[in-house]
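Report on the following structure.
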Amino acid sequence: MMDIEKLRILGEASQYDLCNYVSLNQENFTSKNLPGIYNARTQGGCQVPLFKVLMSNFCTNDCNYCINHCHNRFERIEFTPEELITVFLHYYQNHYAEGLFLSSGMPGDADQAMEKMIAVARKLRLEYEYRGYIHLKIIPGASYDMIKRAMSLADRVSVNLESATSSGFEELTSTKDYHNDVLRRMKWIERLKKRHPQMAPSGQSTQLIVGANDETDQDILKRAEWLNKHLNINLSYLSPFEPLKKTPMEEHEKPADNRTPRLYQAQFLLNSYGFSFDELVLDDDGFLFLDDDPKLVWAKLHKELFPMEINEASFKELLRVPGIGKISARKIIEARKNGMKFTKLDEIKRLGVVVKRAEPFLKLDKNHQTTLSYKF
C-alpha cells in the first residue's frame, strides 16, 4: 500500500531541484495533482510530469539553506528501493508521470545513498524493462565507480554546484568541499561521457543558488561560462534563494524577483547568442541592471550598430537585435535566401520577431520604420 504521508514529505523535500526533459509522448499522460509530481519542461516548452522525490531525508551535511540539514530535529524517513519502485510504476502505468527524477539526502556515506538510488534504476531497467526517462542526482563525494554505474542506467545525471565560487560555497556548508566533492565529480562525469557517449545520453546538468551568499552576478556568469566551455553544460539552472523556516538562513533576505530571470537572459547571451563575457554590461559592483534585459542594455550602448538593415544583416548580427532570437533569425535568413525582401514590420512579426522590442533597432529596405525611440 502507498504511504501517502511519506510520499508527500519526500516529494516536497525534492522540489528545489530543477530539471528539463528531452522528449515527450504528448498523449501518454494524464494531468493529476499528486504528491511527488513535478512538471518539467521539454526543449519545445511543453510541460511533462515527472515523479520527483527524495529517496531519504536523512542527511549528515549542514547546508544552511536546506530543511534537511543535519542539525534540524524532525522525523527522518526514507523509501526502500522496492517501495519507491512500487509508487513510481503506479504513477507511470496510470499515466500520471512520464519519468523519474530521483535524489536523496546523504545518510552518512555518499556511496551508501548512491547504492540505493542505483538499485531503483537497475531494477526498473532490468527487472521491469522500463525504458523511459530517469534522472539521477549524484551525491557530492560519490565514488567514480558509483557515478559510472549511475550513468549507465540514467538518461541524465546532475550534481548541484550550489555556488559559483569556493568562498561562496563555504558560506553555505562546512561539510562538503567545493573542488573535491562537487567540481571533481562533475569533471568525472564529463570524462566518462566522452569515453562512453551512450552513457547518460541527455548529459549532465547542475544548479546554482542565487542570493544565498555574497556572490555577484559577475561571479555566477563567469562560472556558467566556465561550465559551458569545460563541462559542456549549456544551461546552468539558477534557483533563487528561498529562506525556509527551521534553517540557519531563515532570516536571510531573498534576492530581487527579477535578478534570476536577468541572469538567465545573460547566460543565454553567453552560451547561445555569441556574446563574450566582456560584452555584458554590469554595474560597478558586478551586478546586472535589473530594469532592462541584458541584450537591450548592450544595444542601447552601441548606437553605432543601429538601426540595422534587416535585409543585409548576417545571422550573427541579427542575434544582437533586441526582440530577435535564434529561431526568428534563422527564419529571416531562410526567407531572404528564398528571395524575400522585408519592407513591413508585420512581415518579420510573422516570423516570430518581437516587433515592439526590435523596431527601434531595425531598418527595413533602408527605411527606419518605428514610432518608438530609445535614448542611445
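Here, A, B, ... name the chains of the C-alpha cells in the order displayed, residue numbers run from 1 inside each chain, and ligands are numbered from 1 in the same displayed order.
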
Query raised in the report: If you count only C-alpha atoms, which residues fall within 10 Å of region 206-210 of chain A, apart from same-chain ones fewer than 3 positions away, as JSON, numbers by chain?
Result: {"A": [16, 17, 18, 19, 65, 137, 157, 158, 159, 160, 161, 162, 163, 164, 186, 213, 214, 215, 216, 217, 220, 223, 224, 227, 233, 235, 236, 237, 238, 239, 240, 241, 242, 254, 255, 256, 259, 260, 263]}

Report summary line: The residue from A:Arg76, A:Arg357, A:Arg262, A:Lys123 with the smallest atom-to-atom distance to Gly323 (chain A), counting only C-alpha atoms, is A:Arg357

Query - Nearest to Ile139 (chain A), chosen from A:Glu359, A:Thr86, A:Ala212, A:Asn61, with only C-alpha atoms counted in the distances - result: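 For Ile139 (chain A), the nearest of the given residues is A:Asn61.
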
Report task. Using only C-alpha atoms, pick whichever of A:Lys194, A:Phe51, A:Asp292, A:Glu98 has the shortest atom-to-atom distance to Leu136 (chain A). Result -> A:Phe51

Requested in this report: Could you please determine the separation between CA of Cys70 (chain A) and CA of Ala113 (chain A) in Å, to one decimal place?
Outcome: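 The value is 15.2 Å.
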
Query - Residue neighbourhood Leu221 (chain A), 8 Å, only C-alpha atoms, exclusion window fewer than 5 positions, as an MDAnalysis selection string - result: chainID A and resid 263 266:267 277

Query raised in the report: CA of Leu153 (chain A) to CA of Ile77 (chain A): how many Å, to one decimal?
Result: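 Going from CA of Leu153 (chain A) over to CA of Ile77 (chain A) covers 25.3 Å.
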
Neighbouring residues of Glu115 (chain A) were defined as those with any atom within 12 Å, considering only C-alpha atoms; residues of the same chain fewer than 6 positions away were excluded. Please report them as a compact mmCIF listing (two decimals) with all heavy atoms, in the first residue's frame.
```txt
# COMPACT_ATOMS: atom_id res chain seq x y z
N MET A 55 14.93 9.88 -2.06
CA MET A 55 15.00 8.52 -1.53
C MET A 55 14.96 8.56 0.00
O MET A 55 14.34 7.72 0.64
CB MET A 55 16.31 7.88 -2.00
CG MET A 55 16.39 6.40 -1.80
SD MET A 55 15.74 5.54 -3.23
CE MET A 55 15.47 3.92 -2.51
N THR A 80 12.47 2.41 0.83
CA THR A 80 13.29 1.31 0.34
C THR A 80 13.21 1.34 -1.18
O THR A 80 12.26 1.90 -1.75
CB THR A 80 12.79 -0.05 0.86
OG1 THR A 80 11.49 -0.30 0.29
CG2 THR A 80 12.71 -0.06 2.38
N PRO A 81 14.17 0.74 -1.87
CA PRO A 81 14.06 0.69 -3.33
C PRO A 81 12.75 0.08 -3.81
O PRO A 81 12.14 0.56 -4.76
CB PRO A 81 15.27 -0.17 -3.73
CG PRO A 81 16.28 0.11 -2.67
CD PRO A 81 15.47 0.22 -1.41
N SER A 103 16.50 11.81 -6.22
CA SER A 103 17.58 12.40 -5.44
C SER A 103 17.54 11.81 -4.04
O SER A 103 16.72 10.94 -3.74
CB SER A 103 17.43 13.92 -5.40
OG SER A 103 18.52 14.52 -4.74
N SER A 104 18.44 12.29 -3.18
CA SER A 104 18.48 11.78 -1.81
C SER A 104 19.30 12.69 -0.93
O SER A 104 20.19 13.41 -1.40
CB SER A 104 19.09 10.37 -1.79
OG SER A 104 19.10 9.86 -0.46
N MET A 106 22.08 12.61 2.29
CA MET A 106 23.25 11.75 2.44
C MET A 106 23.31 11.18 3.86
O MET A 106 23.80 11.83 4.78
CB MET A 106 24.54 12.51 2.14
CG MET A 106 25.75 11.59 1.98
SD MET A 106 27.24 12.44 1.46
CE MET A 106 27.83 13.05 3.03
N PRO A 107 22.79 9.97 4.05
CA PRO A 107 22.75 9.37 5.40
C PRO A 107 24.10 8.74 5.75
O PRO A 107 24.25 7.52 5.81
CB PRO A 107 21.66 8.32 5.26
CG PRO A 107 21.69 7.92 3.83
CD PRO A 107 22.10 9.13 3.06
N ASP A 109 27.12 8.30 4.30
CA ASP A 109 28.12 8.00 3.29
C ASP A 109 27.51 8.21 1.91
O ASP A 109 26.40 7.75 1.63
CB ASP A 109 28.60 6.55 3.45
CG ASP A 109 29.61 6.17 2.39
OD1 ASP A 109 30.79 6.55 2.55
OD2 ASP A 109 29.24 5.49 1.43
N ALA A 121 17.07 2.32 -10.11
CA ALA A 121 17.22 2.42 -11.57
C ALA A 121 17.53 1.07 -12.19
O ALA A 121 16.98 0.72 -13.25
CB ALA A 121 18.32 3.43 -11.90
N ARG A 122 18.37 0.29 -11.54
CA ARG A 122 18.75 -1.02 -12.09
C ARG A 122 17.54 -1.95 -12.17
O ARG A 122 17.32 -2.62 -13.18
CB ARG A 122 19.85 -1.64 -11.23
CG ARG A 122 20.37 -2.97 -11.79
CD ARG A 122 21.48 -3.56 -10.95
NE ARG A 122 21.02 -3.92 -9.62
CZ ARG A 122 21.38 -3.29 -8.49
NH1 ARG A 122 22.22 -2.26 -8.55
NH2 ARG A 122 20.92 -3.67 -7.33
N LEU A 136 19.10 10.87 -12.37
CA LEU A 136 19.65 10.55 -11.06
C LEU A 136 20.56 11.68 -10.58
O LEU A 136 21.46 12.11 -11.31
CB LEU A 136 20.46 9.24 -11.10
CG LEU A 136 19.69 7.94 -11.34
CD1 LEU A 136 20.65 6.76 -11.35
CD2 LEU A 136 18.61 7.73 -10.28
N LYS A 137 20.32 12.14 -9.36
CA LYS A 137 21.24 13.09 -8.75
C LYS A 137 22.47 12.34 -8.25
O LYS A 137 22.37 11.25 -7.68
CB LYS A 137 20.57 13.78 -7.55
CG LYS A 137 19.34 14.58 -7.88
CD LYS A 137 19.64 15.78 -8.75
CE LYS A 137 20.47 16.82 -8.03
NZ LYS A 137 20.63 18.03 -8.84
N ILE A 138 23.62 12.93 -8.49
CA ILE A 138 24.88 12.38 -7.98
C ILE A 138 25.18 13.06 -6.64
O ILE A 138 25.23 14.28 -6.55
CB ILE A 138 26.03 12.62 -8.96
CG1 ILE A 138 25.71 11.99 -10.33
CG2 ILE A 138 27.34 12.08 -8.41
CD1 ILE A 138 25.51 10.50 -10.31
N ILE A 139 25.37 12.25 -5.61
CA ILE A 139 25.65 12.79 -4.28
C ILE A 139 27.08 13.31 -4.24
O ILE A 139 28.01 12.60 -4.64
CB ILE A 139 25.46 11.70 -3.20
CG1 ILE A 139 24.06 11.09 -3.28
CG2 ILE A 139 25.73 12.28 -1.81
CD1 ILE A 139 22.94 12.06 -3.01
N ALA A 142 30.52 11.15 -4.10
CA ALA A 142 30.31 9.78 -4.57
C ALA A 142 31.55 9.28 -5.32
O ALA A 142 32.27 10.06 -5.96
CB ALA A 142 29.09 9.71 -5.49
N SER A 143 31.80 7.98 -5.25
CA SER A 143 32.98 7.40 -5.88
C SER A 143 32.82 7.36 -7.40
O SER A 143 31.72 7.41 -7.94
CB SER A 143 33.22 5.98 -5.35
OG SER A 143 32.19 5.11 -5.77
N ASP A 145 33.26 4.83 -9.33
CA ASP A 145 32.52 3.62 -9.73
C ASP A 145 31.02 3.84 -9.62
O ASP A 145 30.25 3.43 -10.50
CB ASP A 145 32.94 2.43 -8.86
CG ASP A 145 32.20 1.16 -9.22
OD1 ASP A 145 32.34 0.70 -10.36
OD2 ASP A 145 31.46 0.64 -8.36
N MET A 146 30.57 4.49 -8.54
CA MET A 146 29.14 4.74 -8.37
C MET A 146 28.61 5.68 -9.45
O MET A 146 27.51 5.50 -9.98
CB MET A 146 28.86 5.33 -6.99
CG MET A 146 28.93 4.32 -5.87
SD MET A 146 27.58 3.11 -5.99
CE MET A 146 28.00 2.03 -4.61
N ILE A 147 29.40 6.68 -9.78
CA ILE A 147 28.99 7.61 -10.83
C ILE A 147 28.88 6.89 -12.16
O ILE A 147 27.91 7.09 -12.92
CB ILE A 147 29.98 8.79 -10.91
CG1 ILE A 147 29.88 9.65 -9.64
CG2 ILE A 147 29.72 9.64 -12.15
CD1 ILE A 147 30.91 10.75 -9.54
N LYS A 148 29.83 6.03 -12.45
CA LYS A 148 29.80 5.28 -13.70
C LYS A 148 28.58 4.37 -13.77
O LYS A 148 27.90 4.27 -14.80
CB LYS A 148 31.08 4.45 -13.84
CG LYS A 148 31.23 3.75 -15.18
CD LYS A 148 32.58 3.06 -15.29
CE LYS A 148 32.75 2.40 -16.65
NZ LYS A 148 34.08 1.73 -16.78
N ARG A 149 28.26 3.73 -12.65
CA ARG A 149 27.08 2.85 -12.62
C ARG A 149 25.80 3.66 -12.82
O ARG A 149 24.88 3.24 -13.53
CB ARG A 149 27.04 2.09 -11.30
CG ARG A 149 28.11 1.02 -11.17
CD ARG A 149 28.21 0.47 -9.76
NE ARG A 149 26.94 -0.16 -9.34
CZ ARG A 149 26.70 -0.54 -8.09
NH1 ARG A 149 27.62 -0.33 -7.14
NH2 ARG A 149 25.55 -1.11 -7.78
N ALA A 150 25.73 4.82 -12.17
CA ALA A 150 24.55 5.67 -12.32
C ALA A 150 24.38 6.11 -13.77
O ALA A 150 23.28 6.09 -14.33
CB ALA A 150 24.65 6.88 -11.40
```

Query - Computed interatomic separation between CA of Lys303 (chain A) and CA of Asn367 (chain A) (Å) - result: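 Interatomic distance here is 16.7 Å.
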
Query - strand (DSSP E) call set, DSSP backbone run, region 72-315 of chain A, as a list in words - result: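 Answer for region 72-315 of chain A restricted to strand (DSSP E) is Gly99, Leu100, Phe101, Leu102, Ser103, Tyr133, Ile134, His135, Leu136, Lys137, Arg156, Val157, Ser158, Gln204, Ser205, Gln207, Leu208, Ile209, Val210, Tyr237, Leu238, Ser239, Pro240, Met308 and Glu309 of chain A.
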
Requested in this report: Return the single residue from A:Asp219, A:Glu129, A:Glu171, A:Asp155 that is closest to Met199 (chain A), with distances computed using only C-alpha atoms.
Outcome: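 Smallest distance to Met199 (chain A) is found for A:Asp155.
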